[in-house]
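Data file: entry03.csv. Format and content: CSV, C-alpha atoms.
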chain,number,residue,atom,x,y,z
A,29,MET,CA,106.8,125.9,98.0
A,30,SER,CA,103.4,125.3,96.4
A,31,LEU,CA,105.1,124.5,93.1
A,32,ALA,CA,107.3,121.9,94.8
A,33,ARG,CA,104.2,120.5,96.5
A,34,GLU,CA,102.3,120.4,93.2
A,35,ARG,CA,105.2,118.5,91.6
A,36,GLY,CA,105.3,116.1,94.5
A,37,ASP,CA,101.5,115.5,94.1
A,38,ARG,CA,101.9,114.8,90.4
A,39,LYS,CA,104.7,112.3,91.1
A,40,ALA,CA,102.6,110.6,93.8
A,41,THR,CA,99.6,110.4,91.4
A,42,ALA,CA,101.8,109.0,88.6
A,43,ALA,CA,103.3,106.5,91.0
A,44,ARG,CA,99.9,105.4,92.2
A,45,TRP,CA,98.6,104.8,88.6
A,46,SER,CA,101.9,103.1,87.8
A,47,GLY,CA,101.3,100.6,90.7
A,48,HIS,CA,97.8,99.8,89.5
A,49,GLY,CA,99.2,99.4,86.0
A,50,LEU,CA,101.7,96.8,87.2
A,51,LEU,CA,98.9,94.8,88.9
A,52,PHE,CA,97.1,94.9,85.6
A,53,ILE,CA,100.2,93.4,83.9
A,54,LEU,CA,100.3,90.6,86.6
A,55,GLY,CA,96.7,89.8,85.7
A,56,TRP,CA,97.7,89.0,82.1
A,57,ILE,CA,100.3,86.3,83.1
A,58,PRO,CA,97.8,83.3,82.9
A,59,LEU,CA,96.5,84.3,79.4
A,60,VAL,CA,100.0,84.9,78.0
A,61,ALA,CA,101.3,81.7,79.4
A,62,TYR,CA,98.5,79.6,77.9
A,63,LEU,CA,97.8,81.3,74.6
A,64,ALA,CA,101.2,82.8,73.6
A,65,PRO,CA,104.3,82.3,75.9
A,66,LEU,CA,106.3,84.4,73.4
A,67,GLY,CA,104.2,87.3,74.6
A,68,PHE,CA,106.1,87.4,77.9
A,69,SER,CA,108.7,89.6,76.1
A,70,PRO,CA,106.4,92.5,75.2
A,71,LEU,CA,104.5,92.0,78.4
A,72,VAL,CA,107.6,92.6,80.5
A,73,GLY,CA,108.6,95.4,78.2
A,74,LEU,CA,105.2,97.1,78.8
A,75,GLY,CA,105.6,96.5,82.5
A,76,GLY,CA,109.0,98.2,82.5
A,77,LEU,CA,107.5,101.3,80.8
A,78,ILE,CA,104.6,101.4,83.3
A,79,ALA,CA,107.0,101.1,86.2
A,80,VAL,CA,108.9,104.3,85.2
A,81,PRO,CA,106.9,106.7,87.5
A,82,LEU,CA,107.6,104.4,90.5
A,83,LEU,CA,111.3,104.4,89.7
A,84,ILE,CA,111.3,108.2,89.5
A,85,LYS,CA,109.6,108.4,92.9
A,86,ASP,CA,111.6,105.6,94.6
A,87,ARG,CA,115.0,105.8,92.8
A,88,ARG,CA,116.3,102.5,94.1
A,89,ILE,CA,118.1,100.0,91.9
A,90,ASP,CA,120.9,97.6,92.5
A,91,LEU,CA,124.1,98.5,90.7
A,92,TRP,CA,125.9,95.2,90.5
A,93,PRO,CA,123.5,93.3,88.2
A,94,LEU,CA,123.2,96.4,86.1
A,95,VAL,CA,127.0,96.5,85.7
A,96,ILE,CA,127.3,92.7,84.9
A,97,LEU,CA,124.5,92.8,82.3
A,98,ALA,CA,126.0,95.9,80.7
A,99,LEU,CA,129.3,94.1,80.4
A,100,VAL,CA,127.5,91.0,78.9
A,101,LEU,CA,125.9,93.2,76.3
A,102,ALA,CA,129.2,95.0,75.5
A,103,TRP,CA,131.0,91.7,75.0
A,104,MET,CA,128.1,90.3,72.9
A,105,THR,CA,128.3,93.3,70.7
A,106,LEU,CA,132.1,93.1,70.3
A,107,SER,CA,131.8,89.4,69.4
A,108,TYR,CA,129.9,90.3,66.2
A,109,LEU,CA,133.3,91.2,64.8
A,110,TRP,CA,134.2,87.5,64.6
A,111,SER,CA,130.9,85.7,64.7
A,112,PRO,CA,130.1,83.7,61.5
A,113,PHE,CA,126.4,84.6,61.9
A,114,HIS,CA,125.2,88.0,60.7
A,115,SER,CA,121.6,88.9,60.6
A,116,SER,CA,120.5,90.7,57.4
A,117,LYS,CA,118.0,92.8,59.5
A,118,LEU,CA,119.1,95.1,62.3
A,119,PRO,CA,115.9,94.4,64.4
A,120,ASN,CA,117.0,90.7,64.5
A,121,ALA,CA,120.3,91.6,66.1
A,122,ILE,CA,120.2,89.6,69.4
A,123,ALA,CA,122.3,92.1,71.4
A,124,LEU,CA,120.0,95.0,70.4
A,125,LYS,CA,116.8,93.0,71.3
A,126,LEU,CA,118.3,92.0,74.7
A,127,LEU,CA,119.2,95.6,75.4
A,128,PHE,CA,115.6,96.5,75.3
A,129,GLN,CA,114.6,93.3,77.1
A,130,ILE,CA,117.0,93.9,80.0
A,131,ALA,CA,116.1,97.6,80.3
A,132,GLY,CA,112.4,96.7,80.5
A,133,GLY,CA,113.0,93.7,82.8
A,134,LEU,CA,115.1,95.7,85.3
A,135,SER,CA,112.6,98.5,85.3
A,136,MET,CA,109.7,96.1,86.1
A,137,VAL,CA,111.7,94.5,88.9
A,138,ALA,CA,112.5,97.8,90.5
A,139,GLY,CA,108.9,99.0,90.0
A,140,LEU,CA,107.3,96.0,91.7
A,141,ALA,CA,110.0,96.3,94.5
A,142,ALA,CA,108.8,99.9,95.0
A,143,LEU,CA,105.0,99.1,95.2
A,144,PRO,CA,103.2,100.3,98.4
A,145,PRO,CA,102.8,97.3,100.7
A,146,HIS,CA,99.0,97.2,100.3
A,147,LEU,CA,99.3,97.1,96.5
A,148,ALA,CA,102.1,94.5,96.7
A,149,ARG,CA,99.8,92.2,98.8
A,150,ARG,CA,97.1,92.7,96.3
A,151,GLY,CA,99.5,91.7,93.6
A,152,ALA,CA,100.3,88.6,95.5
A,153,VAL,CA,96.6,87.6,95.5
A,154,ILE,CA,96.4,88.2,91.7
A,155,LEU,CA,99.5,86.1,91.1
A,156,ALA,CA,98.4,83.1,93.2
A,157,VAL,CA,94.8,83.1,92.0
A,158,GLY,CA,95.9,83.6,88.3
A,159,LEU,CA,98.4,80.8,88.3
A,160,ALA,CA,95.9,78.5,90.1
A,161,LEU,CA,93.3,79.2,87.3
A,162,LEU,CA,96.0,78.7,84.6
A,163,SER,CA,96.9,75.3,86.2
A,164,LEU,CA,93.3,74.2,86.2
A,165,LEU,CA,92.9,75.1,82.6
A,166,LEU,CA,96.1,73.4,81.7
A,167,ILE,CA,95.1,70.2,83.4
A,168,VAL,CA,91.6,70.1,81.8
A,169,ASP,CA,93.0,70.9,78.3
A,170,ALA,CA,95.8,68.3,78.7
A,171,LEU,CA,93.2,65.7,79.5
A,172,ALA,CA,91.2,66.9,76.5
A,173,GLY,CA,94.2,66.6,74.1
A,174,ALA,CA,94.4,70.4,73.7
A,175,GLY,CA,90.8,70.5,72.5
A,176,ILE,CA,90.1,73.8,74.1
A,177,TYR,CA,93.1,75.4,72.6
A,178,GLN,CA,92.3,74.0,69.2
A,179,ALA,CA,88.7,75.3,69.4
A,180,LEU,CA,90.0,78.8,70.3
A,181,LYS,CA,92.3,78.7,67.3
A,182,VAL,CA,89.4,77.7,65.0
A,183,MET,CA,87.3,80.6,66.4
A,184,ILE,CA,90.0,83.1,65.3
A,185,GLY,CA,90.4,81.5,61.9
A,186,GLN,CA,93.8,79.8,62.6
A,187,PRO,CA,93.2,76.1,62.9
A,188,ILE,CA,96.1,74.1,64.2
A,189,ARG,CA,97.2,70.4,64.2
A,190,PRO,CA,96.6,68.5,67.4
A,191,ASP,CA,100.3,67.7,68.0
A,192,LEU,CA,101.2,71.4,67.6
A,193,ALA,CA,98.4,72.4,69.9
A,194,ARG,CA,99.6,70.1,72.6
A,195,ARG,CA,103.2,71.4,72.2
A,196,ASN,CA,101.9,75.0,72.4
A,197,ILE,CA,99.9,74.6,75.6
A,198,ALA,CA,102.8,72.7,77.2
A,199,GLY,CA,104.6,76.1,77.2
A,200,ALA,CA,102.5,77.2,80.1
A,201,ALA,CA,104.2,74.6,82.3
A,202,TYR,CA,107.5,76.4,82.0
A,203,ALA,CA,105.9,79.5,83.4
A,204,LEU,CA,104.3,77.5,86.2
A,205,ALA,CA,107.7,75.8,87.1
A,206,LEU,CA,109.3,79.2,87.6
A,207,LEU,CA,106.4,81.2,89.1
A,208,PHE,CA,105.3,78.3,91.4
A,209,TRP,CA,107.8,79.6,94.0
A,210,PRO,CA,106.7,83.3,94.3
A,211,ALA,CA,103.0,82.1,94.0
A,212,ALA,CA,103.6,79.5,96.8
A,213,GLN,CA,105.2,82.2,98.9
A,214,ALA,CA,102.3,84.5,98.3
A,215,ALA,CA,99.7,81.8,99.0
A,216,SER,CA,101.4,80.7,102.2
A,217,ARG,CA,101.6,84.3,103.6
A,218,LEU,CA,97.9,84.8,102.8
A,219,ASP,CA,96.6,81.6,104.5
A,220,TRP,CA,98.3,78.2,104.6
A,221,ARG,CA,94.9,76.5,105.0
A,222,VAL,CA,93.9,77.9,101.6
A,223,ALA,CA,97.4,77.7,100.1
A,224,ILE,CA,97.2,74.0,99.5
A,225,VAL,CA,94.6,74.4,96.8
A,226,PRO,CA,96.7,76.7,94.4
A,227,LEU,CA,99.8,74.7,95.2
A,228,ALA,CA,98.2,71.4,94.4
A,229,LEU,CA,96.8,72.8,91.2
A,230,MET,CA,100.1,74.3,90.1
A,231,ALA,CA,102.0,71.0,90.8
A,232,GLY,CA,99.2,69.1,89.0
A,233,GLY,CA,99.5,71.4,86.0
A,234,VAL,CA,103.2,70.7,85.7
A,235,LEU,CA,102.7,67.0,86.2
A,236,ALA,CA,99.9,66.9,83.5
A,237,ALA,CA,102.2,68.7,81.1
A,238,GLU,CA,104.8,66.0,81.6
A,239,ARG,CA,102.5,63.0,81.5
A,240,LEU,CA,100.1,64.1,78.8
A,241,LEU,CA,102.0,66.7,76.7
A,242,GLY,CA,105.6,65.5,76.9
A,243,ALA,CA,107.1,68.6,78.6
A,244,ASP,CA,109.5,66.9,81.0
A,245,ALA,CA,111.8,69.9,81.8
A,246,PRO,CA,109.3,71.7,84.0
A,247,LEU,CA,108.7,68.7,86.2
A,248,TYR,CA,112.5,68.2,86.7
A,249,ALA,CA,112.8,71.9,87.5
A,250,LEU,CA,110.0,71.7,90.0
A,251,ILE,CA,111.4,68.7,91.7
A,252,ALA,CA,114.9,70.2,91.9
A,253,GLY,CA,113.5,73.5,93.0
A,254,ALA,CA,111.6,71.8,95.8
A,255,GLY,CA,114.8,70.1,97.1
A,256,VAL,CA,116.6,73.4,97.2
A,257,TRP,CA,113.6,75.2,98.7
A,258,LEU,CA,113.6,72.6,101.6
A,259,ALA,CA,117.4,73.0,102.1
A,260,VAL,CA,117.4,76.8,102.3
A,261,ARG,CA,114.2,76.8,104.4
A,262,TRP,CA,115.6,74.4,106.9
A,263,ILE,CA,119.4,75.0,106.8
A,264,GLY,CA,119.4,78.6,105.8
A,265,SER,CA,122.3,80.6,104.6
A,266,ALA,CA,124.7,77.7,104.3
A,267,ALA,CA,122.4,76.0,101.7
A,268,ALA,CA,122.2,79.2,99.7
A,269,ARG,CA,126.0,79.4,99.7
A,270,LEU,CA,126.2,75.9,98.4
A,271,LEU,CA,123.8,76.9,95.6
A,272,LEU,CA,126.1,79.8,94.9
A,273,ALA,CA,129.1,77.4,94.5
A,274,LEU,CA,127.1,75.0,92.3
A,275,GLY,CA,125.8,77.8,90.1
A,276,VAL,CA,129.3,79.3,89.6
A,277,ALA,CA,130.7,75.8,88.9
A,278,LEU,CA,128.0,75.1,86.3
A,279,PHE,CA,129.0,78.1,84.2
A,280,THR,CA,132.7,77.8,84.6
A,281,LEU,CA,133.2,74.0,84.2
A,282,ALA,CA,130.4,72.9,81.8
A,283,PRO,CA,132.6,72.2,78.7
A,284,LEU,CA,135.3,70.6,80.7
A,285,LEU,CA,132.7,68.2,82.3
A,286,ILE,CA,131.4,67.2,78.9
A,287,LEU,CA,134.8,66.7,77.4
A,288,GLU,CA,135.9,64.6,80.4
A,289,SER,CA,132.7,62.5,80.2
A,290,LEU,CA,133.5,61.9,76.5
A,291,ARG,CA,137.1,60.9,77.3
A,292,ASN,CA,136.2,58.4,80.1
A,293,GLY,CA,133.3,56.9,78.2
A,294,THR,CA,130.5,58.1,80.5
A,295,ILE,CA,128.5,59.7,77.6
A,296,ALA,CA,128.9,56.5,75.5
A,297,LYS,CA,127.4,54.5,78.3
A,298,LEU,CA,124.5,57.0,78.9
A,299,HIS,CA,123.6,56.7,75.2
A,300,GLN,CA,122.7,53.0,75.8
A,301,HIS,CA,120.2,53.8,78.5
A,302,VAL,CA,118.5,57.1,77.6
A,303,ALA,CA,115.5,58.0,75.4
A,304,ASP,CA,116.1,59.4,71.9
A,305,SER,CA,115.5,63.0,73.0
A,306,TRP,CA,118.2,62.7,75.6
A,307,ALA,CA,120.6,61.0,73.3
A,308,ALA,CA,120.2,63.9,70.8
A,309,ARG,CA,121.0,66.3,73.7
A,310,LEU,CA,124.2,64.3,74.5
A,311,ASP,CA,125.3,64.5,70.9
A,312,ILE,CA,124.6,68.3,70.7
A,313,TRP,CA,126.4,68.9,74.0
A,314,SER,CA,129.4,66.8,73.0
A,315,PHE,CA,129.7,68.7,69.7
A,316,ALA,CA,129.3,72.1,71.4
A,317,ALA,CA,132.0,71.3,74.0
A,318,ALA,CA,134.4,70.2,71.3
A,319,MET,CA,133.8,73.4,69.3
A,320,THR,CA,134.3,75.5,72.4
A,321,ALA,CA,137.8,73.9,72.7
A,322,HIS,CA,138.8,75.6,69.4
A,323,HIS,CA,138.1,79.1,70.7
A,324,PRO,CA,137.9,78.9,74.5
A,325,LEU,CA,139.0,82.5,75.2
A,326,ARG,CA,136.9,84.6,72.8
A,327,GLY,CA,134.3,82.1,71.7
A,328,TRP,CA,132.9,81.8,68.2
A,329,GLY,CA,130.8,85.0,68.5
A,330,ILE,CA,127.2,85.8,69.3
A,331,ASP,CA,124.6,83.5,67.6
A,332,ALA,CA,127.4,81.3,66.2
A,333,SER,CA,125.3,78.3,67.3
A,334,ARG,CA,123.1,78.8,64.3
A,335,THR,CA,125.9,78.1,61.9
A,336,PHE,CA,126.8,74.5,62.7
A,337,GLY,CA,124.0,72.9,60.7
A,338,ILE,CA,122.3,69.8,62.0
A,339,ALA,CA,125.0,69.3,64.7
A,340,ILE,CA,123.5,72.1,66.7
A,341,PRO,CA,119.8,72.9,65.8
A,342,LEU,CA,119.7,76.7,66.5
A,343,HIS,CA,121.3,76.4,70.0
A,344,PRO,CA,123.0,73.8,72.2
A,345,HIS,CA,119.9,73.4,74.5
A,346,ASN,CA,122.2,74.2,77.5
A,347,ALA,CA,122.8,77.8,78.7
A,348,ALA,CA,126.3,77.2,80.1
A,349,LEU,CA,127.5,75.5,76.9
A,350,GLN,CA,125.9,78.1,74.6
A,351,ILE,CA,127.6,81.0,76.5
A,352,TRP,CA,131.0,79.2,76.4
A,353,LEU,CA,130.6,78.4,72.7
A,354,GLU,CA,129.5,81.9,71.6
A,355,LEU,CA,131.2,84.2,74.2
A,356,GLY,CA,134.1,82.1,75.5
A,357,ALA,CA,135.6,82.5,78.9
A,358,PRO,CA,134.6,86.2,79.5
A,359,GLY,CA,131.0,85.4,78.8
A,360,ALA,CA,131.1,82.4,81.1
A,361,ALA,CA,132.8,84.4,83.8
A,362,LEU,CA,130.1,87.1,83.6
A,363,ALA,CA,127.3,84.5,83.7
A,364,ALA,CA,128.9,82.9,86.7
A,365,ALA,CA,129.2,86.3,88.4
A,366,LEU,CA,125.5,87.1,87.8
A,367,THR,CA,124.4,83.7,89.1
A,368,GLY,CA,126.8,84.1,92.1
A,369,TRP,CA,125.5,87.5,92.9
A,370,ILE,CA,121.9,86.3,92.9
A,371,ALA,CA,122.7,83.3,95.1
A,372,ALA,CA,124.8,85.5,97.5
A,373,THR,CA,121.9,87.9,97.8
A,374,LEU,CA,119.7,84.9,98.7
A,375,ALA,CA,122.3,83.8,101.3
A,376,VAL,CA,122.1,87.2,103.0
A,377,LEU,CA,118.3,87.3,102.8
A,378,ALA,CA,118.1,83.8,104.4
A,379,ARG,CA,119.4,85.2,107.7
A,380,ALA,CA,116.5,87.7,107.9
A,381,ASN,CA,113.7,86.0,105.9
A,382,PRO,CA,114.4,82.3,105.2
A,383,SER,CA,111.0,81.7,103.6
A,384,GLN,CA,111.5,84.3,100.9
A,385,ALA,CA,115.1,83.3,100.4
A,386,ALA,CA,113.9,79.7,99.9
A,387,ALA,CA,111.4,80.8,97.3
A,388,GLY,CA,114.1,82.7,95.5
A,389,ALA,CA,116.4,79.7,95.6
A,390,GLY,CA,113.7,77.4,94.3
A,391,ALA,CA,113.0,79.8,91.4
A,392,LEU,CA,116.7,80.2,90.6
A,393,THR,CA,117.2,76.4,90.6
A,394,ALA,CA,114.2,75.9,88.3
A,395,TYR,CA,115.5,78.5,85.8
A,396,LEU,CA,119.0,76.9,85.7
A,397,ILE,CA,117.5,73.4,85.3
A,398,ILE,CA,115.2,74.4,82.4
A,399,GLY,CA,117.9,76.5,80.8
A,400,GLY,CA,120.3,73.6,81.1
A,401,ILE,CA,118.2,71.2,79.0
A,402,SER,CA,115.8,73.2,76.9
A,403,PHE,CA,115.9,76.7,75.6
A,404,GLY,CA,118.4,79.0,74.0
A,405,VAL,CA,119.9,81.4,76.5
A,406,TRP,CA,119.1,84.5,74.4
A,407,GLN,CA,115.4,83.7,73.7
A,408,GLU,CA,113.6,86.9,74.6
A,409,TRP,CA,110.5,85.4,76.1
A,410,TRP,CA,112.7,83.1,78.3
A,411,VAL,CA,114.8,86.1,79.5
A,412,ALA,CA,111.6,88.0,80.1
A,413,LEU,CA,110.1,85.2,82.1
A,414,GLY,CA,113.2,85.2,84.3
A,415,PHE,CA,112.8,88.9,84.9
A,416,LEU,CA,109.1,88.4,85.7
A,417,THR,CA,110.0,85.8,88.3
A,418,VAL,CA,112.5,88.1,90.0
A,419,ALA,CA,110.0,90.9,89.8
A,420,THR,CA,107.3,89.0,91.6
A,421,LEU,CA,109.7,87.8,94.3
A,422,ALA,CA,110.7,91.5,94.8
A,423,MET,CA,107.1,92.4,95.1
A,424,LEU,CA,106.6,89.8,97.8
A,425,ARG,CA,109.5,91.1,99.8
A,426,ARG,CA,107.8,94.5,99.6
A,427,ALA,CA,104.5,93.0,100.7
A,428,TRP,CA,105.9,91.1,103.7
A,429,PRO,CA,109.4,92.5,104.6
A,430,SER,CA,109.8,90.2,107.7
A,431,ALA,CA,109.8,86.4,107.9
Now that the file is in, can you turn its structure into structure tokens?
Amino acid sequence: MSLARERGDRKATAARWSGHGLLFILGWIPLVAYLAPLGFSPLVGLGGLIAVPLLIKDRRIDLWPLVILALVLAWMTLSYLWSPFHSSKLPNAIALKLLFQIAGGLSMVAGLAALPPHLARRGAVILAVGLALLSLLLIVDALAGAGIYQALKVMIGQPIRPDLARRNIAGAAYALALLFWPAAQAASRLDWRVAIVPLALMAGGVLAAERLLGADAPLYALIAGAGVWLAVRWIGSAAARLLLALGVALFTLAPLLILESLRNGTIAKLHQHVADSWAARLDIWSFAAAMTAHHPLRGWGIDASRTFGIAIPLHPHNAALQIWLELGAPGAALAAALTGWIAATLAVLARANPSQAAAGAGALTAYLIIGGISFGVWQEWWVALGFLTVATLAMLRRAWPSA
């Protein structure tokens, strides 16, 4: 009996240290977002390792997302057989890197969901304050033309051109656009009279990145997320179910919508009215949709986007089109299933806790918007940032279980 009690005490101590370690990880979010957004990948991986004692003690994890992600990885691995792209180095294999990324991300999500409520509330404070400070720094440095960032690079012996410095600090706005929603939820539960300050700073940081640094996607994501947040907060479960339908439609119909827009001349008309960056996106999307039509069932294989030369620079800048192009109908179906599961979970949550469901819906919308116009779907830091957003939302649900 004493041996069992001693083992229980060791598990409790390990879980307690694990909880404090996860709060330490949350404290690094502002620095990583500002100095090196690619660092979100190792940060979430470390968070997943730290969370293991909490998982051993709590033993709660959702099965469905695990099954869907496992099937995605299996299909990705199988598609190497026909993919025209083959990395010469095993560590560069995207399926292998995503395996570790997903394992760490799921572990961190489950760990933050298992935090004791008092630690979860402390984590909410760390998140809201940290992002407010990050936003303030981003606004000041954007006004200074990234002068602060350039000075820091000079201090460590790595001077950087002003245009590259501005591009680098603009990366922080993508983290703000996603984490705005859990931070807003945290700030509102702490005190609405105080919440307006971090909310205004975060929105200001995203706006400054768009106006002064040329990062338009985070602003679009924040605006769309705000619309969905309002809909779920006021209408509830019905709005979340509509988001489910739209998310599933996005991943199932993307190439068909592009091909139809080409056929009826819509894309040709848009070319006459959009900026060069958007015109380039339209060209890439048109080519990707056309190539998808050659292998709609199995796709061209993982990382095939890299093999089409200047027609597709690295990736199609659209998650749904990239998945269709590389993984075909099975990949698109799995992506739709994962998006649908998340939205369905939010629809159920909206009945019991509409404010938290609204925060989750805003974050999901922001992730889909940015993924639909900016990054490659397999970029590890972007996948990690998605897991981090889900993890912080899970932490808030632990901190305040009721509406």
CA of Thr417 in chain A and CA of Ser163 in chain A, how far apart in Å?
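Straight-line distance from CA of Ser163 in chain A to CA of Thr417 in chain A works out to 16.9 Å.
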Quick one: residues within 9 Å of Thr335 in chain A, all atoms listed in the file, excluding same-chain residues fewer than 4 positions away - as an mmCIF file with C-alpha atoms, in the coordinates of the input?
data_model
loop_
_atom_site.group_PDB
_atom_site.id
_atom_site.type_symbol
_atom_site.label_atom_id
_atom_site.label_comp_id
_atom_site.auth_asym_id
_atom_site.auth_seq_id
_atom_site.Cartn_x
_atom_site.Cartn_y
_atom_site.Cartn_z
ATOM 1 C CA PRO A 112 130.100 83.700 61.500
ATOM 2 C CA PHE A 113 126.400 84.600 61.900
ATOM 3 C CA ASP A 331 124.600 83.500 67.600
ATOM 4 C CA ILE A 340 123.500 72.100 66.700
ATOM 5 C CA PRO A 341 119.800 72.900 65.800
ATOM 6 C CA LEU A 342 119.700 76.700 66.500
#
Give as a count of residues only every residue, naming chains and numbers as the document does, that has an atom within 12 Å of (124.4, 71.8, 67.5), counting all atoms listed in the file.
33
Can you pull out every residue within 12 Å of range 228-243 of chain A, counting all atoms listed in the file, but drop anything in the same chain fewer than 5 positions away, and send it as a ChimeraX atom specification?
/A:58,62,155-174,190-212,215,222-223,248-251,253-254,305,398,401-402
Skipping near chain neighbours, those fewer than 3 positions away, what residues fall within 7 Å of Leu424 in chain A using all atoms listed in the file, listed as a PyMOL selection string?
chain A and resi 148+152+214+420-421+427-428
For CA of Pro358 in chain A and CA of Leu66 in chain A, quote the distance in Å rounded to one decimal.
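Between CA of Pro358 in chain A and CA of Leu66 in chain A the gap works out to 29.0 Å.
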Taking into account only C-alpha atoms, which residue in the set A:Gly400, A:Pro81, A:Gly75, A:Gly329 is nearest to Trp45 in chain A?
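Between A:Gly400, A:Pro81, A:Gly75, A:Gly329, the residue approaching Trp45 in chain A most closely is A:Pro81.
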Which residue gives the smallest distance to Gly67 in chain A among A:Ile53, A:Ala123, A:Ala372, A:Met183, with only C-alpha atoms counted?
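Among the listed residues, the smallest separation from Gly67 in chain A belongs to A:Ile53.
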Expected answer as a list of chain:residue names: all residues with atoms within 10 Å of (118.0, 90.0, 71.5), all atoms listed in the file:
A:Leu101, A:Pro119, A:Asn120, A:Ala121, A:Ile122, A:Ala123, A:Leu124, A:Lys125, A:Leu126, A:Leu127, A:Phe128, A:Gln129, A:Ile130, A:Trp406, A:Gln407, A:Glu408, A:Trp409, A:Val411
So, counting all atoms listed in the file, which residue among A:Trp92, A:Tyr395, A:Trp103, A:Tyr177 is closest to Phe415 in chain A?
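Of A:Trp92, A:Tyr395, A:Trp103, A:Tyr177, the one nearest Phe415 in chain A is A:Tyr395, counting all atoms listed in the file.
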Using only C-alpha atoms, determine which residues lie at most 10 Å from Ile78 in chain A, disregarding the query and same-chain residues fewer than 2 positions distant; provide the list as a PyMOL selection string.
chain A and resi 42-43+45-50+53+72-76+80-83+132+135-136+139
Using the selection just defined, write its residues with C-alpha atoms as a PDB file, in the coordinates of the input.
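Final output, saved to result_0.pdb:
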ATOM      1  CA  ALA A  42     101.800 109.000  88.600  1.00  0.00           C
ATOM      2  CA  ALA A  43     103.300 106.500  91.000  1.00  0.00           C
ATOM      3  CA  TRP A  45      98.600 104.800  88.600  1.00  0.00           C
ATOM      4  CA  SER A  46     101.900 103.100  87.800  1.00  0.00           C
ATOM      5  CA  GLY A  47     101.300 100.600  90.700  1.00  0.00           C
ATOM      6  CA  HIS A  48      97.800  99.800  89.500  1.00  0.00           C
ATOM      7  CA  GLY A  49      99.200  99.400  86.000  1.00  0.00           C
ATOM      8  CA  LEU A  50     101.700  96.800  87.200  1.00  0.00           C
ATOM      9  CA  ILE A  53     100.200  93.400  83.900  1.00  0.00           C
ATOM     10  CA  VAL A  72     107.600  92.600  80.500  1.00  0.00           C
ATOM     11  CA  GLY A  73     108.600  95.400  78.200  1.00  0.00           C
ATOM     12  CA  LEU A  74     105.200  97.100  78.800  1.00  0.00           C
ATOM     13  CA  GLY A  75     105.600  96.500  82.500  1.00  0.00           C
ATOM     14  CA  GLY A  76     109.000  98.200  82.500  1.00  0.00           C
ATOM     15  CA  VAL A  80     108.900 104.300  85.200  1.00  0.00           C
ATOM     16  CA  PRO A  81     106.900 106.700  87.500  1.00  0.00           C
ATOM     17  CA  LEU A  82     107.600 104.400  90.500  1.00  0.00           C
ATOM     18  CA  LEU A  83     111.300 104.400  89.700  1.00  0.00           C
ATOM     19  CA  GLY A 132     112.400  96.700  80.500  1.00  0.00           C
ATOM     20  CA  SER A 135     112.600  98.500  85.300  1.00  0.00           C
ATOM     21  CA  MET A 136     109.700  96.100  86.100  1.00  0.00           C
ATOM     22  CA  GLY A 139     108.900  99.000  90.000  1.00  0.00           C
TER      23      GLY A 139
END
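Counting from CA of Leu287 in chain A, the distance to CA of Ala321 in chain A is 9.1 Å.
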Selected residue, from A:Leu396, A:Met104, A:Leu218, A:Ala348, that lies nearest to Ala360 in chain A when counting all atoms listed in the file:
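Smallest distance to Ala360 in chain A is found for A:Ala348.
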Counting all atoms listed in the file, figure out which residue out of A:Thr294, A:Thr373, A:Thr367, A:Gln384 gets nearest to Ala277 in chain A.
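Of the candidates, the smallest distance to Ala277 in chain A is held by A:Thr367.
Of the residues under consideration (A:Ala412, A:Ala64, A:Ala364, A:Leu109), A:Ala64 shows the shortest atom-to-atom contact distance to Lys181 in chain A when counting all atoms listed in the file.
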